[in-house]
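Dropping upload-v6.txt in here (compact mmCIF, C-alpha atoms):
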```
# COMPACT_ATOMS: atom_id res chain seq x y z
CA MET B 1 78.09 -152.83 -89.70
CA THR B 2 75.25 -154.95 -88.38
CA ARG B 3 75.65 -157.49 -85.65
CA ASN B 4 75.06 -160.39 -88.02
CA ALA B 5 77.58 -159.01 -90.48
CA ALA B 6 80.15 -158.86 -87.70
CA GLY B 7 79.92 -162.62 -87.31
CA LYS B 8 77.49 -162.85 -84.41
CA ASN B 9 74.95 -165.61 -84.25
CA PRO B 10 71.47 -164.23 -85.12
CA ALA B 11 69.97 -166.40 -82.40
CA LYS B 12 72.05 -164.53 -79.82
CA ALA B 13 71.17 -161.05 -81.10
CA GLN B 14 69.55 -158.61 -78.73
CA SER B 15 65.81 -158.76 -78.38
CA PRO B 16 63.99 -155.99 -80.31
CA ALA B 17 62.90 -154.29 -77.08
CA THR B 18 66.34 -153.97 -75.50
CA SER B 19 68.20 -153.37 -78.77
CA GLU B 20 66.26 -150.13 -79.16
CA LEU B 21 68.05 -148.82 -76.07
CA SER B 22 71.53 -149.23 -77.53
CA CYS B 23 73.39 -145.97 -78.16
CA GLU B 24 73.57 -145.19 -81.88
CA VAL B 25 77.18 -143.98 -81.47
CA CYS B 26 78.89 -146.46 -79.14
CA GLY B 27 76.38 -149.33 -79.24
CA GLN B 28 76.36 -149.60 -75.44
CA MET B 29 73.27 -150.20 -73.34
CA PRO B 30 72.28 -147.71 -70.63
CA GLU B 31 73.66 -148.31 -67.14
CA PRO B 32 71.13 -150.44 -65.22
CA PRO B 33 70.10 -149.48 -61.68
CA LYS B 34 72.68 -150.53 -59.08
CA THR B 35 70.17 -152.54 -57.06
CA ARG B 36 69.09 -154.62 -60.05
CA LEU B 37 72.69 -155.14 -61.16
CA THR B 38 73.67 -156.33 -57.67
CA LEU B 39 70.74 -158.76 -57.47
CA ALA B 40 71.52 -160.08 -60.95
CA ASN B 41 75.18 -160.66 -60.03
CA ILE B 42 74.16 -162.50 -56.87
CA ALA B 43 71.70 -164.65 -58.81
CA VAL B 44 74.46 -165.69 -61.23
CA MET B 45 77.36 -165.98 -58.75
CA LEU B 46 75.68 -167.68 -55.81
CA PRO B 47 75.07 -171.11 -57.39
CA ILE B 48 78.59 -171.21 -58.84
CA GLU B 49 80.15 -170.06 -55.55
CA LEU B 50 78.29 -172.78 -53.64
CA LEU B 51 79.50 -175.46 -56.03
CA VAL B 52 83.12 -174.25 -55.91
CA HIS B 53 83.11 -173.97 -52.12
CA ALA B 54 81.64 -177.46 -51.78
CA ALA B 55 84.27 -178.89 -54.12
CA VAL B 56 87.21 -177.11 -52.47
CA VAL B 57 86.16 -177.70 -48.86
CA GLY B 58 85.76 -181.42 -49.58
CA THR B 59 89.41 -181.73 -50.69
CA HIS B 60 92.46 -182.39 -48.50
CA LEU B 61 94.34 -179.28 -49.57
CA PRO B 62 96.12 -177.15 -46.93
CA TYR B 63 94.10 -174.32 -45.44
CA VAL B 64 96.16 -171.60 -47.21
CA ALA B 65 95.73 -173.37 -50.55
CA LYS B 66 91.96 -173.54 -50.08
CA VAL B 67 91.85 -169.80 -49.34
CA LEU B 68 93.92 -169.02 -52.44
CA VAL B 69 91.77 -171.23 -54.67
CA LEU B 70 88.54 -169.71 -53.36
CA THR B 71 89.93 -166.15 -53.68
CA MET B 72 91.08 -166.65 -57.27
CA THR B 73 87.82 -168.39 -58.17
CA ALA B 74 85.75 -165.54 -56.74
CA THR B 75 87.87 -162.96 -58.57
CA ILE B 76 87.50 -164.79 -61.89
CA LEU B 77 83.77 -165.16 -61.35
CA VAL B 78 83.28 -161.46 -60.64
CA ILE B 79 85.44 -160.12 -63.49
CA TRP B 80 84.93 -162.58 -66.34
CA VAL B 81 81.84 -164.64 -65.58
CA ALA B 82 79.26 -163.15 -63.25
CA GLU B 83 78.70 -159.61 -64.47
CA PRO B 84 78.88 -160.39 -68.23
CA SER B 85 76.62 -163.41 -67.73
CA ALA B 86 74.15 -161.40 -65.67
CA ALA B 87 74.11 -158.61 -68.25
CA ARG B 88 73.46 -161.16 -71.01
CA MET B 89 71.05 -163.57 -69.32
CA LEU B 90 68.99 -161.01 -67.40
CA ARG B 91 69.17 -158.17 -69.95
CA GLY B 92 65.43 -157.62 -70.14
CA TRP B 93 65.03 -157.47 -66.35
CA LEU B 94 68.08 -155.24 -65.84
CA HIS B 95 66.91 -152.66 -68.35
CA ALA B 96 63.19 -152.88 -67.56
CA PRO B 97 63.09 -149.36 -65.98
CA ALA B 98 64.76 -147.84 -69.04
CA LEU B 99 62.40 -149.72 -71.33
CA ARG B 100 59.37 -148.46 -69.41
CA HIS B 101 60.74 -144.90 -69.59
CA ARG B 102 61.30 -145.26 -73.35
CA LYS B 103 57.73 -146.47 -73.83
CA ARG B 104 56.42 -143.47 -71.90
CA LEU B 105 58.49 -141.15 -74.08
CA ASP B 106 57.24 -142.83 -77.25
CA ALA B 107 53.65 -142.49 -76.08
CA ALA B 108 54.06 -138.85 -75.03
CA PRO B 109 52.22 -136.35 -77.22
CA ALA B 110 54.15 -134.05 -79.53
CA LEU B 111 53.59 -130.29 -79.52
CA TRP B 112 53.04 -128.30 -82.72
CA ARG B 113 52.36 -124.69 -83.61
CA ALA B 114 49.93 -124.25 -86.46
CA ARG B 115 48.44 -121.35 -88.41
CA THR B 116 45.64 -121.30 -90.92
CA VAL B 117 43.13 -118.81 -92.33
CA LEU B 118 39.45 -119.51 -91.69
CA LYS B 119 36.37 -117.82 -93.03
CA ASP B 120 34.92 -115.40 -90.49
CA ARG B 121 31.55 -117.07 -90.09
CA PRO B 122 29.85 -119.28 -87.47
CA GLY B 123 30.87 -122.93 -87.49
CA SER B 124 34.24 -122.48 -89.19
CA LEU B 125 36.26 -123.10 -86.05
CA GLN B 126 34.01 -125.98 -84.99
CA LYS B 127 34.58 -127.75 -88.30
CA LEU B 128 38.32 -127.38 -87.90
CA THR B 129 38.34 -128.66 -84.31
CA GLN B 130 36.28 -131.69 -85.34
CA ALA B 131 38.81 -132.47 -88.06
CA LEU B 132 41.67 -132.24 -85.56
CA ALA B 133 39.76 -134.41 -83.09
CA GLY B 134 39.57 -137.10 -85.77
CA LEU B 135 43.38 -137.12 -85.66
CA GLU B 136 43.28 -137.33 -81.83
CA THR B 137 44.85 -133.88 -81.71
CA ASN B 138 44.01 -131.51 -78.87
CA ILE B 139 44.02 -127.70 -79.09
CA LEU B 140 45.96 -126.33 -76.10
CA SER B 141 45.76 -122.66 -77.01
CA ILE B 142 44.33 -120.50 -79.78
CA HIS B 143 44.83 -116.89 -80.85
CA VAL B 144 42.62 -115.27 -83.47
CA HIS B 145 43.87 -112.38 -85.63
CA PRO B 146 41.58 -110.55 -88.10
CA VAL B 147 43.03 -110.55 -91.63
CA PRO B 148 41.62 -109.63 -95.04
CA GLY B 149 39.26 -112.38 -96.17
CA GLY B 150 38.73 -114.00 -92.76
CA VAL B 151 40.64 -114.68 -89.55
CA LEU B 152 44.10 -116.08 -88.97
CA ASP B 153 43.92 -118.73 -86.24
CA GLU B 154 47.13 -119.65 -84.45
CA PHE B 155 47.13 -122.87 -82.42
CA VAL B 156 49.34 -124.84 -80.08
CA LEU B 157 48.43 -128.48 -80.74
CA SER B 158 49.09 -131.65 -78.77
CA ALA B 159 49.16 -134.59 -81.17
CA PRO B 160 50.07 -138.28 -80.81
CA TRP B 161 53.80 -138.83 -81.19
CA ASP B 162 53.40 -140.65 -84.51
CA VAL B 163 51.39 -137.90 -86.24
CA ARG B 164 53.42 -136.29 -89.01
CA GLU B 165 53.49 -132.72 -90.31
CA SER B 166 51.89 -133.76 -93.60
CA GLU B 167 48.94 -135.31 -91.73
CA LEU B 168 48.38 -132.12 -89.73
CA LEU B 169 48.50 -129.99 -92.89
CA ARG B 170 46.04 -132.29 -94.62
CA THR B 171 43.70 -132.19 -91.61
CA LEU B 172 43.82 -128.39 -91.40
CA ARG B 173 42.88 -128.15 -95.07
CA SER B 174 40.06 -130.68 -94.75
CA GLY B 175 38.74 -128.70 -91.78
CA GLY B 176 38.33 -125.61 -93.95
CA GLY B 177 41.68 -123.95 -93.28
CA ALA B 178 43.46 -122.08 -96.05
CA ASP B 179 47.23 -121.71 -96.43
CA PRO B 180 48.07 -123.83 -93.33
CA HIS B 181 51.52 -123.87 -91.76
CA VAL B 182 52.81 -126.23 -89.06
CA TRP B 183 56.01 -126.12 -86.96
CA PRO B 184 57.26 -128.40 -84.17
CA THR B 185 57.42 -126.57 -80.85
CA THR B 186 58.02 -127.06 -77.14
CA ALA B 187 56.15 -126.34 -73.92
CA LEU B 188 57.54 -122.79 -74.04
CA ALA B 189 54.89 -122.07 -76.67
CA MET B 190 52.29 -122.33 -73.91
CA ALA B 191 53.58 -119.09 -72.41
CA ASP B 192 51.21 -116.57 -73.93
CA GLY B 193 52.47 -113.62 -75.92
CA GLN B 194 51.34 -111.08 -73.33
CA THR B 195 53.41 -112.72 -70.59
CA GLY B 196 56.44 -112.92 -72.87
CA ALA B 197 56.09 -109.27 -73.85
CA LEU B 198 55.87 -108.17 -70.21
CA SER B 199 59.01 -110.14 -69.32
CA LEU B 200 60.90 -108.52 -72.19
CA ALA B 201 59.52 -105.09 -71.22
CA ALA B 202 61.18 -105.51 -67.82
CA ARG B 203 64.42 -106.37 -69.62
CA ILE B 204 64.18 -103.22 -71.76
CA ALA B 205 63.34 -101.10 -68.71
CA ALA B 206 66.68 -102.12 -67.22
CA SER B 207 68.55 -101.44 -70.49
CA PRO B 208 66.83 -99.81 -73.52
CA GLN B 209 69.75 -100.90 -75.71
CA GLU B 210 68.41 -104.46 -75.38
CA LEU B 211 65.49 -103.57 -77.70
CA PRO B 212 66.74 -105.33 -80.88
CA LEU B 213 67.57 -108.56 -79.07
CA ALA B 214 64.38 -108.44 -77.00
CA VAL B 215 62.15 -107.99 -80.05
CA ALA B 216 64.02 -110.73 -81.90
CA GLU B 217 63.38 -113.05 -78.96
CA LEU B 218 59.73 -112.03 -78.76
CA LEU B 219 59.16 -112.64 -82.48
CA ARG B 220 61.54 -115.60 -82.79
CA ALA B 221 63.00 -113.68 -85.72
CA ARG B 222 66.38 -112.64 -87.11
CA ILE B 223 67.68 -109.06 -86.97
CA VAL B 224 68.30 -107.97 -90.58
CA THR B 225 69.15 -104.27 -90.12
CA GLY B 226 69.76 -102.31 -86.99
CA PRO B 227 72.56 -101.09 -84.75
CA GLY B 228 75.80 -102.88 -85.49
CA THR B 229 74.48 -105.12 -88.27
CA GLY B 230 75.99 -103.20 -91.18
CA SER B 231 73.28 -104.55 -93.50
CA ALA B 232 71.79 -102.80 -96.49
CA GLU B 233 68.20 -101.64 -96.62
CA VAL B 234 65.73 -104.54 -96.87
CA PRO B 235 62.53 -103.94 -98.87
CA PRO B 236 59.16 -104.79 -97.28
CA SER B 237 57.96 -108.34 -97.83
CA ALA B 238 54.64 -109.04 -99.54
CA ASP B 239 54.14 -112.23 -97.54
CA GLY B 240 54.45 -110.50 -94.16
CA THR B 241 57.71 -112.19 -93.13
CA VAL B 242 59.64 -108.91 -92.80
CA MET B 243 58.82 -106.31 -90.12
CA LYS B 244 60.34 -102.86 -89.67
CA ILE B 245 60.18 -101.11 -86.30
CA PRO B 246 61.01 -97.36 -86.25
CA THR B 247 63.16 -95.97 -83.45
CA ALA B 248 64.10 -92.36 -82.79
CA TRP B 249 67.70 -92.75 -81.68
CA HIS B 250 69.32 -95.07 -84.25
CA GLY B 251 66.88 -95.52 -87.13
CA PRO B 252 64.55 -98.38 -87.99
CA ILE B 253 65.24 -102.02 -87.09
CA THR B 254 64.19 -104.73 -89.53
CA PHE B 255 63.36 -108.29 -88.53
CA SER B 256 62.86 -111.31 -90.77
CA ARG B 257 61.13 -114.65 -90.14
CA PRO B 258 61.05 -116.60 -93.43
CA GLY B 259 58.10 -118.92 -93.90
CA GLU B 260 56.21 -117.60 -90.86
CA PRO B 261 54.41 -114.27 -91.39
CA PHE B 262 54.14 -111.86 -88.48
CA THR B 263 50.67 -111.49 -87.00
CA PRO B 264 49.06 -108.10 -86.21
CA ALA B 265 49.30 -108.87 -82.48
CA GLU B 266 53.04 -109.57 -82.77
CA SER B 267 53.55 -106.33 -84.68
CA ALA B 268 51.65 -104.35 -82.03
CA ARG B 269 53.70 -105.87 -79.19
CA ALA B 270 57.00 -105.17 -80.96
CA HIS B 271 56.06 -101.53 -81.65
CA ARG B 272 55.01 -101.02 -78.03
CA LEU B 273 58.36 -102.36 -76.84
CA ALA B 274 60.08 -99.90 -79.20
CA GLU B 275 58.02 -97.05 -77.75
CA LEU B 276 58.96 -98.12 -74.22
CA ALA B 277 62.66 -98.20 -75.09
CA GLU B 278 62.45 -94.77 -76.73
CA ILE B 279 60.71 -93.23 -73.70
CA LEU B 280 63.24 -94.67 -71.27
CA ALA B 281 66.23 -93.69 -73.45
CA HIS B 282 64.92 -90.10 -73.75
CA ARG B 283 64.27 -89.88 -70.01
CA ARG B 284 67.77 -91.02 -69.14
CA ALA B 285 69.29 -88.61 -71.67
CA THR B 286 67.52 -85.61 -70.11
CA GLN B 287 68.42 -86.50 -66.52
```
Translate the structure described by the file into C-alpha cells.
Amino acid sequence: MTRNAAGKNPAKAQSPATSELSCEVCGQMPEPPKTRLTLANIAVMLPIELLVHAAVVGTHLPYVAKVLVLTMTATILVIWVAEPSAARMLRGWLHAPALRHRKRLDAAPALWRARTVLKDRPGSLQKLTQALAGLETNILSIHVHPVPGGVLDEFVLSAPWDVRESELLRTLRSGGGADPHVWPTTALAMADGQTGALSLAARIAASPQELPLAVAELLRARIVTGPGTGSAEVPPSADGTVMKIPTAWHGPITFSRPGEPFTPAESARAHRLAELAEILAHRRATQ
C-alpha cells in the first residue's frame, strides 16, 4: 500500500531523496547519528522549554506545583513532541550521512566477468578495448587462451553502476567479439587463477581427500560424479561446460559449469591439482 493510499497527505510525503532510504520491509528510516539526533532534539525542545519555563515561573503556583508542571511538560515534550518533530522537520539533515553514503554506493562501479572470442590478428584487442571505452568501461584484468579459430579473451571489467548486461554484450559484439558471455562478479575475481590454485594446492597438501571440493572451488563448478555423489556417468559436453579429471585411487571426477565453458588454463590447473593429490596420497600410503 502506498502512503497516499493509506490516507496520508501527499504534501507531507517524504522527499524523494530520503524516501529512498526507507527499508523495503518495515518502511523505517535508518538510525541517524546520535550527535545529529541530539542536536535536532535540542533545536526543537529548547524554544518550547523556554516558553513553558517563562510561563510557569511567572505564575503564583507553589514551588512543588511548578516543579511538577515543568517535569511533566519536559516528559511530554521528549516523548511525544520533540523527537517525532525533530525526525519530521529535520529529516534531510538527520539522514544526510546516510544519503551521502547511498550516493557513493550508487556511483560505485560494478564488476563483471566477460568472455569473448577474438580473431588472432593485430588490432583485434585494440578495437574491443575502444568499444568498451565508449561505454566508460575499464578492463581490470585479461587472460588470453588460444582456441580454434582465434583466441578466447577473459576479462574482469569495471563498468558504471547503471550499465546493463545487454549493453556489455552489445559492446563486445560491436568490438569484434564472437559468442560473448557476461556475468556479474565481485572483487574476488581480481585474485588471479595462479594465486587461487596455489592456495588450494596448500589445502590439498594438508588433506588429499579435499581434491573434489578444492577443484570445484577453483573452477566455480558443481561436482557431478565423484566420491560419495552416487551419480551416473555423465557424457562429455560439446560446449566445454563439462570437465572430467582422472584420479588413480577412486576413479574420475566430473565437474559441470552450465553456460560457462572451461578454459584450457582452468583445465590444466585442475589436472595439476589432481596429480598433486595423487602423489601425496600414494606417498602417505607407502609410509
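Ranking B:Glu165, B:Glu278, B:Glu210, B:Glu154 by their shortest atom-to-atom distance to Pro261 in chain B, with only C-alpha atoms included, puts B:Glu154 first.
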Residue with smallest distance to Pro264 in chain B - pool B:Leu111, B:Ile223, B:Val151, B:Val182, counting only C-alpha atoms
B:Val151
Any idea what's packed within 7 Å of range 192-209 of chain B, counting all atoms listed in the file, ignoring anything in its chain fewer than 3 positions away? Could you give it as an MDAnalysis selection string?
chainID B and resid 214 218 269 273 277 280:281
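The two atoms in question, CA of Leu168 in chain B and CA of Leu135 in chain B, are spaced 8.2 Å apart.
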Selected residue, from B:Arg121, B:Gln130, B:Ala221, B:Arg115, that lies nearest to Leu169 in chain B when counting all atoms listed in the file:
B:Arg115
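Here the question is which of B:Thr137, B:Ser124, B:Gly177, B:His143 gets nearest to Trp161 in chain B using only C-alpha atoms, and that residue is B:Thr137.
For the residues B:Pro122, B:Pro258, B:Pro246, B:Gly240, ranking by smallest atom-to-atom distance to Arg222 in chain B using only C-alpha atoms places B:Pro258 first.
When CA of Asn138 in chain B is paired with CA of Asp120 in chain B, their separation reads 21.8 Å.
Among the candidates B:Arg113, B:Arg164, B:His271, B:Lys119, the residue lying nearest to Leu140 in chain B is B:Arg113 (atoms considered: only C-alpha atoms).
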Measure the distance from CA of Ile142 in chain B to CA of Ser256 in chain B in Å and round it to one decimal.
23.4 Å
